[in-house]
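File shown here: query39.txt, holding compact mmCIF, C-alpha atoms.
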# COMPACT_ATOMS: atom_id res chain seq x y z
CA MET O 1 -40.17 -99.31 72.58
CA GLU O 2 -41.65 -99.18 76.05
CA LYS O 3 -45.28 -100.22 76.16
CA ASN O 4 -46.51 -97.27 78.21
CA SER O 5 -44.54 -94.60 76.32
CA THR O 6 -46.55 -91.52 75.36
CA LYS O 7 -46.13 -92.33 71.67
CA ASN O 8 -47.52 -95.81 72.19
CA LEU O 9 -50.52 -94.55 74.17
CA ILE O 10 -51.42 -92.05 71.44
CA LEU O 11 -50.95 -94.67 68.73
CA THR O 12 -53.19 -97.19 70.50
CA LEU O 13 -56.07 -94.79 71.04
CA ALA O 14 -55.76 -93.30 67.54
CA THR O 15 -55.81 -96.76 65.95
CA ILE O 16 -58.88 -97.86 67.91
CA GLY O 17 -60.59 -94.55 67.12
CA ILE O 18 -59.90 -94.83 63.38
CA VAL O 19 -61.03 -98.47 63.16
CA SER O 20 -64.15 -97.63 65.16
CA ALA O 21 -64.96 -94.63 62.94
CA LEU O 22 -64.45 -96.74 59.81
CA ILE O 23 -66.79 -99.48 61.02
CA LEU O 24 -69.44 -96.98 62.10
CA THR O 25 -69.24 -95.17 58.75
CA PHE O 26 -70.22 -98.39 57.01
CA VAL O 27 -72.95 -99.12 59.57
CA TYR O 28 -74.30 -95.59 59.11
CA GLU O 29 -74.32 -95.93 55.31
CA TRP O 30 -76.05 -99.29 55.59
CA THR O 31 -78.77 -98.34 58.08
CA THR O 32 -79.56 -94.73 57.05
CA PRO O 33 -81.88 -95.62 54.11
CA TYR O 34 -83.88 -97.93 56.41
CA ILE O 35 -84.05 -95.32 59.17
CA GLN O 36 -85.21 -92.66 56.69
CA ALA O 37 -87.82 -95.02 55.25
CA ASN O 38 -89.06 -95.70 58.78
CA GLN O 39 -89.31 -91.99 59.48
CA ALA O 40 -91.19 -91.31 56.24
CA GLU O 41 -93.56 -94.16 57.11
CA THR O 42 -94.00 -92.78 60.64
CA GLN O 43 -94.84 -89.37 59.19
CA ARG O 44 -97.31 -90.83 56.69
CA LEU O 45 -99.06 -92.82 59.45
CA ALA O 46 -99.11 -89.78 61.73
CA ILE O 47 -100.75 -87.63 59.05
CA SER O 48 -103.44 -90.21 58.31
CA GLU O 49 -104.02 -90.57 62.06
CA VAL O 50 -104.48 -86.85 62.73
CA LEU O 51 -106.58 -86.21 59.60
CA PRO O 52 -109.24 -88.92 59.95
CA GLY O 53 -111.11 -89.58 56.73
CA ALA O 54 -108.50 -87.98 54.46
CA GLU O 55 -108.22 -89.93 51.20
CA GLU O 56 -105.61 -87.69 49.64
CA VAL O 57 -102.84 -85.75 51.38
CA GLU O 58 -101.02 -82.91 49.69
CA GLU O 59 -97.82 -81.29 50.87
CA VAL O 60 -97.99 -77.50 50.52
CA GLU O 61 -95.45 -74.85 51.39
CA LYS O 62 -96.77 -71.57 52.72
CA ASN O 63 -94.71 -68.80 54.30
CA GLY O 64 -91.72 -71.12 54.21
CA GLN O 65 -93.45 -73.80 56.26
CA ILE O 66 -94.64 -77.23 55.22
CA PHE O 67 -98.32 -78.07 55.77
CA PHE O 68 -100.17 -81.25 54.92
CA GLU O 69 -103.65 -80.67 53.54
CA GLY O 70 -106.08 -83.55 53.72
CA PHE O 71 -108.87 -84.02 51.16
CA ASP O 72 -111.82 -86.43 51.28
CA ALA O 73 -112.99 -88.61 48.37
CA ASP O 74 -114.93 -85.69 46.83
CA GLY O 75 -111.89 -83.43 46.84
CA ASN O 76 -113.04 -81.20 49.71
CA ARG O 77 -110.38 -80.04 52.11
CA ILE O 78 -111.23 -81.57 55.47
CA GLY O 79 -108.25 -80.32 57.45
CA VAL O 80 -104.63 -79.35 57.73
CA ALA O 81 -101.79 -81.05 59.57
CA TYR O 82 -98.57 -79.43 60.72
CA GLN O 83 -95.48 -80.92 62.32
CA ASN O 84 -94.01 -78.99 65.21
CA SER O 85 -91.14 -79.70 67.61
CA GLY O 86 -90.17 -78.54 71.03
CA GLY O 87 -88.09 -79.44 74.03
CA GLY O 88 -89.44 -82.11 76.34
CA TYR O 89 -88.02 -83.52 79.57
CA ASN O 90 -85.08 -85.40 78.02
CA GLY O 91 -84.92 -84.15 74.44
CA MET O 92 -86.86 -82.93 71.45
CA ILE O 93 -90.47 -84.03 70.90
CA ASP O 94 -91.86 -84.04 67.34
CA VAL O 95 -95.63 -83.77 67.18
CA MET O 96 -98.03 -83.87 64.22
CA VAL O 97 -101.25 -81.93 64.82
CA GLY O 98 -104.31 -82.16 62.58
CA VAL O 99 -107.00 -79.48 62.72
CA ASN O 100 -110.44 -78.94 61.29
CA LEU O 101 -110.49 -75.35 60.05
CA ASP O 102 -114.26 -75.28 59.44
CA ASN O 103 -115.27 -75.63 63.07
CA GLN O 104 -111.97 -74.51 64.61
CA GLU O 105 -111.20 -77.80 66.31
CA ILE O 106 -108.18 -80.03 66.74
CA TYR O 107 -108.84 -83.45 65.24
CA LYS O 108 -105.99 -85.27 66.97
CA PHE O 109 -102.26 -85.16 67.51
CA SER O 110 -99.61 -87.81 67.12
CA VAL O 111 -96.08 -88.03 68.54
CA LEU O 112 -93.50 -88.90 65.87
CA ASN O 113 -90.28 -88.88 67.90
CA HIS O 114 -89.45 -88.33 71.52
CA GLU O 115 -86.84 -89.21 74.11
CA GLU O 116 -89.05 -89.06 77.19
CA THR O 117 -88.64 -91.51 80.07
CA PRO O 118 -90.18 -94.91 79.23
CA GLY O 119 -93.24 -95.53 81.41
CA LEU O 120 -93.54 -91.88 82.43
CA GLY O 121 -93.10 -89.14 79.84
CA ALA O 122 -93.24 -91.72 77.06
CA ARG O 123 -96.93 -92.12 77.83
CA ILE O 124 -97.61 -88.95 75.80
CA THR O 125 -97.97 -91.45 72.94
CA GLU O 126 -100.80 -93.35 74.65
CA ALA O 127 -104.48 -93.00 73.88
CA GLU O 128 -105.33 -91.79 77.38
CA PHE O 129 -103.21 -88.65 77.08
CA LYS O 130 -104.05 -88.13 73.42
CA SER O 131 -107.78 -88.05 74.23
CA ASN O 132 -107.13 -84.74 76.03
CA PHE O 133 -106.95 -83.01 72.66
CA GLU O 134 -109.45 -84.92 70.56
CA ASN O 135 -111.99 -82.54 69.01
CA LYS O 136 -110.92 -79.67 71.25
CA VAL O 137 -111.57 -76.04 70.34
CA PHE O 138 -108.54 -73.86 69.55
CA GLY O 139 -107.27 -71.89 72.49
CA GLU O 140 -105.05 -71.79 75.53
CA TYR O 141 -104.90 -75.05 77.42
CA ASN O 142 -104.31 -75.49 81.12
CA VAL O 143 -102.44 -78.55 82.33
CA ILE O 144 -103.92 -79.81 85.60
CA LYS O 145 -103.39 -82.88 87.77
CA THR O 146 -107.03 -83.84 88.31
CA PRO O 147 -109.63 -85.03 85.80
CA PRO O 148 -110.54 -82.04 83.59
CA SER O 149 -113.85 -80.26 84.12
CA LYS O 150 -113.46 -77.66 81.34
CA GLU O 151 -112.82 -78.28 77.66
CA THR O 152 -109.52 -76.40 77.67
CA GLU O 153 -108.15 -78.39 80.60
CA VAL O 154 -105.60 -81.13 80.00
CA GLN O 155 -104.91 -83.87 82.52
CA ALA O 156 -101.17 -84.34 83.07
CA ILE O 157 -99.63 -87.81 83.08
CA ALA O 158 -98.85 -88.90 86.66
CA GLY O 159 -95.15 -88.31 87.28
CA ALA O 160 -94.63 -86.57 83.95
CA THR O 161 -95.98 -83.03 84.30
CA ILE O 162 -93.08 -81.52 82.34
CA SER O 163 -93.64 -83.82 79.36
CA SER O 164 -97.40 -83.12 79.47
CA VAL O 165 -96.88 -79.34 79.54
CA SER O 166 -94.28 -79.53 76.74
CA VAL O 167 -96.61 -81.43 74.44
CA THR O 168 -99.44 -79.00 75.24
CA ARG O 169 -97.25 -76.00 74.34
CA ILE O 170 -96.06 -77.69 71.12
CA ILE O 171 -99.68 -78.33 70.11
CA GLU O 172 -100.75 -74.74 70.92
CA GLU O 173 -97.85 -73.46 68.82
CA ALA O 174 -98.75 -75.74 65.91
CA VAL O 175 -102.38 -74.59 66.00
CA SER O 176 -101.40 -70.94 66.01
CA THR O 177 -98.96 -71.53 63.11
CA ILE O 178 -101.80 -73.09 61.12
CA THR O 179 -104.32 -70.35 61.94
CA ASP O 180 -101.74 -67.63 61.14
CA VAL O 181 -101.34 -68.99 57.64
CA TYR O 182 -104.85 -70.25 56.95
CA GLY O 183 -106.61 -67.40 58.70
CA GLY O 184 -108.46 -69.69 61.06
CA GLY O 185 -111.25 -70.92 58.83
CA ASN O 186 -113.47 -69.72 56.01
CA MET T 1 -60.00 -131.32 77.68
CA SER T 2 -62.72 -132.24 80.16
CA MET T 3 -61.11 -129.88 82.68
CA ASN T 4 -61.20 -127.16 80.08
CA PHE T 5 -64.87 -127.81 79.37
CA LYS T 6 -65.75 -127.77 83.06
CA GLU T 7 -64.02 -124.43 83.36
CA LEU T 8 -66.10 -123.04 80.50
CA VAL T 9 -69.35 -124.27 82.06
CA LYS T 10 -68.31 -122.66 85.34
CA ASP T 11 -67.56 -119.34 83.58
CA PHE T 12 -70.96 -119.50 81.92
CA THR T 13 -73.08 -120.43 84.96
CA ASN T 14 -71.23 -117.93 87.14
CA GLY T 15 -73.22 -115.02 85.70
CA LEU T 16 -76.56 -116.81 85.92
CA TRP T 17 -76.61 -117.06 89.69
CA ALA T 18 -73.42 -117.06 91.81
CA GLU T 19 -72.17 -113.72 90.46
CA ASN T 20 -75.37 -112.52 88.82
CA PRO T 21 -74.69 -108.89 87.83
CA ILE T 22 -77.91 -107.50 89.27
CA ILE T 23 -78.82 -109.56 92.32
CA ARG T 24 -75.27 -110.50 93.41
CA LEU T 25 -72.84 -107.85 92.16
CA VAL T 26 -75.52 -105.11 92.07
CA ILE T 27 -73.98 -103.37 89.05
CA GLY T 28 -75.65 -101.90 85.98
CA MET T 29 -78.40 -100.36 88.10
CA CYS T 30 -79.27 -97.50 85.72
CA PRO T 31 -81.11 -99.61 83.10
CA THR T 32 -82.22 -102.05 85.80
CA LEU T 33 -84.20 -99.36 87.55
CA ALA T 34 -85.12 -97.23 84.54
CA VAL T 35 -86.47 -99.51 81.82
CA THR T 36 -87.92 -102.51 83.64
CA ASN T 37 -91.39 -100.96 83.78
CA THR T 38 -92.65 -103.52 81.25
CA ALA T 39 -91.57 -107.09 80.51
CA SER T 40 -90.78 -106.38 76.85
CA ASN T 41 -88.67 -103.32 77.70
CA GLY T 42 -86.71 -105.39 80.23
CA LEU T 43 -86.14 -108.22 77.74
CA ALA T 44 -85.12 -105.89 74.90
CA MET T 45 -82.75 -103.96 77.14
CA GLY T 46 -81.24 -107.22 78.42
CA LEU T 47 -80.64 -108.53 74.90
CA ALA T 48 -79.15 -105.25 73.64
CA THR T 49 -76.81 -105.07 76.62
CA SER T 50 -75.85 -108.76 76.23
CA PHE T 51 -74.92 -108.20 72.59
CA VAL T 52 -72.66 -105.26 73.44
CA LEU T 53 -71.17 -107.18 76.38
CA ILE T 54 -70.34 -110.35 74.41
CA MET T 55 -68.94 -108.51 71.38
CA SER T 56 -66.77 -106.21 73.53
CA GLU T 57 -65.48 -109.15 75.57
CA ILE T 58 -64.50 -110.99 72.38
CA VAL T 59 -62.66 -108.01 70.88
CA ILE T 60 -60.94 -107.01 74.10
CA SER T 61 -59.85 -110.55 74.96
CA ILE T 62 -58.27 -110.78 71.48
CA ILE T 63 -56.39 -107.46 71.55
CA LYS T 64 -55.71 -107.30 75.30
CA LYS T 65 -51.94 -107.74 74.88
CA LEU T 66 -51.74 -104.80 72.45
CA ILE T 67 -53.39 -102.29 74.79
CA PRO T 68 -50.99 -100.44 77.15
CA ALA T 69 -52.23 -100.52 80.75
CA ASN T 70 -52.26 -96.72 81.00
CA VAL T 71 -54.96 -96.30 78.34
CA ARG T 72 -56.90 -99.49 78.85
CA ILE T 73 -60.07 -97.81 80.20
CA PRO T 74 -60.43 -95.28 77.32
CA SER T 75 -59.67 -98.09 74.87
CA TYR T 76 -62.40 -100.28 76.37
CA ILE T 77 -64.88 -97.39 76.30
CA LEU T 78 -64.12 -96.71 72.62
CA ILE T 79 -64.72 -100.36 71.73
CA ILE T 80 -67.90 -100.53 73.82
CA ALA T 81 -69.19 -97.26 72.30
CA THR T 82 -68.64 -98.64 68.80
CA PHE T 83 -70.87 -101.64 69.51
CA VAL T 84 -73.47 -99.49 71.27
CA THR T 85 -73.68 -97.11 68.30
CA PHE T 86 -73.99 -100.12 66.00
CA THR T 87 -76.85 -101.45 68.16
CA ASP T 88 -78.52 -98.03 68.19
CA TYR T 89 -78.49 -97.71 64.37
CA PHE T 90 -79.44 -101.36 63.89
CA LEU T 91 -82.49 -101.14 66.17
CA LYS T 92 -83.60 -97.82 64.63
CA ALA T 93 -83.37 -99.33 61.14
CA PHE T 94 -84.89 -102.77 61.70
CA PHE T 95 -86.78 -102.63 65.03
CA PRO T 96 -88.10 -99.05 65.18
CA GLY T 97 -90.71 -100.02 67.78
CA ILE T 98 -88.13 -101.27 70.27
CA ALA T 99 -85.84 -98.33 69.50
CA ALA T 100 -88.69 -95.92 70.22
CA SER T 101 -89.69 -97.51 73.52
CA LEU T 102 -86.11 -97.70 74.86
CA SER T 103 -85.13 -94.36 73.25
CA ILE T 104 -82.35 -92.72 75.27
CA PHE T 105 -81.43 -95.87 77.22
CA ILE T 106 -79.79 -97.56 74.21
CA PRO T 107 -77.00 -94.95 73.89
CA LEU T 108 -76.68 -95.07 77.68
CA ILE T 109 -75.51 -98.72 77.49
CA VAL T 110 -72.03 -97.20 76.95
CA VAL T 111 -71.90 -96.21 80.60
CA ASN T 112 -73.37 -99.46 81.94
CA CYS T 113 -70.74 -100.44 84.49
CA LEU T 114 -71.58 -104.15 84.02
CA ILE T 115 -69.93 -104.00 80.58
CA LEU T 116 -66.82 -102.05 81.56
CA GLY T 117 -66.62 -104.11 84.76
CA ARG T 118 -66.49 -107.44 82.90
CA GLN T 119 -63.79 -106.14 80.51
CA GLU T 120 -61.63 -105.09 83.45
CA ALA T 121 -62.35 -108.12 85.64
CA PHE T 122 -62.50 -110.87 83.03
CA ALA T 123 -61.94 -110.23 79.30
CA SER T 124 -58.62 -108.42 79.84
CA LYS T 125 -57.20 -111.38 81.79
CA ASN T 126 -58.62 -114.47 80.08
CA PRO T 127 -58.52 -116.18 76.67
CA THR T 128 -61.27 -115.48 74.11
CA HIS T 129 -63.23 -118.72 74.50
CA ARG T 130 -63.56 -118.11 78.25
CA ALA T 131 -64.52 -114.47 77.61
CA ILE T 132 -67.34 -115.67 75.33
CA ALA T 133 -68.61 -118.03 78.06
CA ASP T 134 -68.43 -115.23 80.61
CA GLY T 135 -70.20 -112.76 78.30
CA LEU T 136 -72.98 -115.23 77.53
CA GLY T 137 -73.50 -116.10 81.20
CA MET T 138 -73.41 -112.50 82.40
CA GLY T 139 -75.65 -111.40 79.49
CA ILE T 140 -78.26 -114.08 80.14
CA GLY T 141 -78.00 -113.45 83.89
CA PHE T 142 -78.62 -109.75 83.32
CA THR T 143 -81.46 -110.42 80.87
CA TRP T 144 -83.43 -112.87 83.02
CA VAL T 145 -83.42 -110.62 86.07
CA LEU T 146 -84.38 -107.57 83.96
CA THR T 147 -87.23 -109.53 82.36
CA LEU T 148 -88.43 -110.87 85.72
CA LEU T 149 -88.41 -107.35 87.19
CA GLY T 150 -90.32 -106.13 84.13
CA ILE T 151 -92.92 -108.90 84.47
CA ILE T 152 -93.50 -108.19 88.19
CA ARG T 153 -93.76 -104.42 87.67
CA GLU T 154 -95.98 -104.75 84.60
CA VAL T 155 -98.39 -107.13 86.36
CA PHE T 156 -98.81 -104.87 89.38
CA GLY T 157 -98.50 -101.57 87.53
CA MET T 158 -100.56 -102.28 84.42
CA GLY T 159 -102.20 -105.68 84.96
CA SER T 160 -100.54 -107.17 81.88
CA ILE T 161 -97.55 -109.30 80.83
CA PHE T 162 -95.75 -108.52 77.54
CA GLY T 163 -98.71 -106.30 76.72
CA PHE T 164 -101.33 -109.02 77.18
CA GLN T 165 -103.95 -108.16 79.79
CA VAL T 166 -103.84 -110.87 82.49
CA LEU T 167 -105.73 -109.20 85.31
CA GLY T 168 -109.35 -108.28 84.74
CA GLU T 169 -111.24 -105.00 84.92
CA TRP T 170 -111.54 -105.36 88.70
CA TYR T 171 -107.81 -104.77 89.15
CA ARG T 172 -106.85 -101.19 89.91
CA PRO T 173 -103.21 -100.74 88.70
CA MET T 174 -100.67 -99.62 91.29
CA VAL T 175 -99.14 -96.64 89.48
CA ILE T 176 -96.14 -96.64 91.82
CA MET T 177 -94.94 -99.92 90.29
CA VAL T 178 -94.23 -98.34 86.87
CA LEU T 179 -92.67 -95.27 88.50
CA PRO T 180 -88.98 -95.35 89.58
CA ALA T 181 -89.94 -96.03 93.22
CA GLY T 182 -91.56 -99.29 92.12
CA ALA T 183 -88.22 -100.39 90.64
CA PHE T 184 -86.43 -99.88 93.95
CA ILE T 185 -89.13 -101.70 95.92
CA THR T 186 -89.28 -104.67 93.51
CA LEU T 187 -85.49 -104.96 93.24
CA GLY T 188 -85.08 -104.80 97.03
CA ILE T 189 -87.61 -107.55 97.62
CA LEU T 190 -86.13 -109.67 94.80
CA VAL T 191 -82.57 -109.38 96.14
CA GLY T 192 -83.89 -110.28 99.61
CA ILE T 193 -85.63 -113.40 98.30
CA MET T 194 -82.56 -114.46 96.29
CA ASN T 195 -80.30 -114.03 99.33
CA GLN T 196 -82.69 -116.14 101.38
CA ILE T 197 -82.67 -118.90 98.73
CA SER T 198 -78.88 -119.04 98.46
CA ARG T 199 -78.49 -118.98 102.25
CA GLU T 200 -80.81 -121.98 102.61
CA GLY T 201 -78.90 -123.79 99.88
CA LYS T 202 -75.69 -123.67 101.92
Same coordinates, now as structure tokens:
Amino acid sequence: MEKNSTKNLILTLATIGIVSALILTFVYEWTTPYIQANQAETQRLAISEVLPGAEEVEEVEKNGQIFFEGFDADGNRIGVAYQNSGGGYNGMIDVMVGVNLDNQEIYKFSVLNHEETPGLGARITEAEFKSNFENKVFGEYNVIKTPPSKETEVQAIAGATISSVSVTRIIEEAVSTITDVYGGGN
Amino acid sequence: MSMNFKELVKDFTNGLWAENPIIRLVIGMCPTLAVTNTASNGLAMGLATSFVLIMSEIVISIIKKLIPANVRIPSYILIIATFVTFTDYFLKAFFPGIAASLSIFIPLIVVNCLILGRQEAFASKNPTHRAIADGLGMGIGFTWVLTLLGIIREVFGMGSIFGFQVLGEWYRPMVIMVLPAGAFITLGILVGIMNQISREGK
């Protein structure tokens, strides 16, 4: 049989494809439990980061959405966290937002997963950008390129305006989802 | 035997300097420019790419006679993609921190032309032991330049090396160095210096 015959070409590629798929099936089976454990751990850390002082976290389903309610040592509800996703510059961004319903403020937010450019958009995970939302009142936020002068202003990351705006929109959406369900306080 | 050994050493050292993928052949520029903003990103990217390069060179040098010339490129890409996907899962499972900081650039190793280039230029024409030497040399050559670029850009752009602050409060970071433009500037200067060194050596 000639080496470059159509049959031989198809056979070669099919064989490599099948072997490759077989190997990757085993790799997938082997690594998936670890990857899922990592993601659960990431989520747990994110919740405890955005609900500071929460001793106990309870998962509740309301209106078909999952919320995480944080309680302090005395059993008082100190806040609610909600995970929201949205499109960023390169791919989806998953953000956990924790809010204080009593005084209508965001505690903090935390980025769980993202595919933003390292060194640029990826800096949405750094403290400097996160501080834009710490203890901020609920509302519409404006993304600007200079240091903020108003509480609802958010300073964009240099070279990553799209990522900054995306995260801001995802947070706004998460806050409005929480206030829709929880009625925005007492 | 000694001739054989000399040949292996030559294959290995080739990638370190004489035919260094980045500063000599100038291939694999996508990760070179994109992820060298910190020293640890550069090192991790270099090691991940080296792993894929060495494993693909081994497999392809073993099965090279079975692959018809007309489908050799798609065959190489399939093999490379298998190792890249393996690396992607492996890092996500056991080194989630590295996986998160390199994110999209791990899957993109598939299209790194350094890897396909070495299969076409070397692994498909040489025996396995020489392919291993070539893969090691090219991998280490790629890694050291990536790490050096990362160190230079991190020092000027953030004032730190591998995350440790080395320049004091007085230093005002040059943001341009962690942006893509900083990669071009640093790489250009580095290639210039390397050319000067090898010219003087002659």
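Minimum distance to chain T across O:Tyr89, O:Phe138, O:Phe71, O:Tyr82 (counting all atoms listed in the file) occurs at O:Tyr89.
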**OP:** Could you list, as a ChimeraX atom specification, the residues of chain T having an atom within 9 Å of chain O when counting all atoms listed in the file?
**Re:** /T:34-35,37-38,41,66-71,74-75,78-79,81-83,85-86,89-90,92-94,96,100-105,175,178-179
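Taking atom CA of T:Gly159 as the reference point, atom CA of O:Phe129 is found at 18.8 Å.
In terms of minimum interatomic distance to T:Ala181, T:Gly157 ranks closest within T:Ala18, T:Trp144, T:Gly157, T:Cys113, counting only C-alpha atoms.
Residue nearest O:Val167 within the list O:Ala73, O:Ala40, O:Ile124, O:Ala46: O:Ile124 [criterion: smallest interatomic distance, all atoms listed in the file].
Protein and nucleic acid residues near (-72.3, -97.7, 79.8) are Gly28, Ile77, Ile80, Ala81, Val84, Pro107, Leu108, Ile109, Val110, Val111, Asn112, Cys113, Leu114, Ile115 and Leu116 of chain T, the criterion being any atom at most 9 Å away using only C-alpha atoms.
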Can you write just those residues out, C-alpha atoms, as a CSV table (one decimal), in the frame of the given file?
chain,number,residue,atom,x,y,z
T,28,GLY,CA,-75.6,-101.9,86.0
T,77,ILE,CA,-64.9,-97.4,76.3
T,80,ILE,CA,-67.9,-100.5,73.8
T,81,ALA,CA,-69.2,-97.3,72.3
T,84,VAL,CA,-73.5,-99.5,71.3
T,107,PRO,CA,-77.0,-95.0,73.9
T,108,LEU,CA,-76.7,-95.1,77.7
T,109,ILE,CA,-75.5,-98.7,77.5
T,110,VAL,CA,-72.0,-97.2,77.0
T,111,VAL,CA,-71.9,-96.2,80.6
T,112,ASN,CA,-73.4,-99.5,81.9
T,113,CYS,CA,-70.7,-100.4,84.5
T,114,LEU,CA,-71.6,-104.2,84.0
T,115,ILE,CA,-69.9,-104.0,80.6
T,116,LEU,CA,-66.8,-102.0,81.6
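Between atom CA of O:Glu29 and atom CA of T:Leu136 the separation is 29.5 Å.
Relative to atom CA of O:Gly98, atom CA of O:Glu126 is found at 16.8 Å.
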Subject >> Who sits within 12 Å of T:Ser50, only C-alpha atoms, same chain under 4 positions skipped, as a ChimeraX atom specification >> reply: /T:15,21,28,43-46,54-57,80,83-84,87,109,112,114-115,118,132-144,146
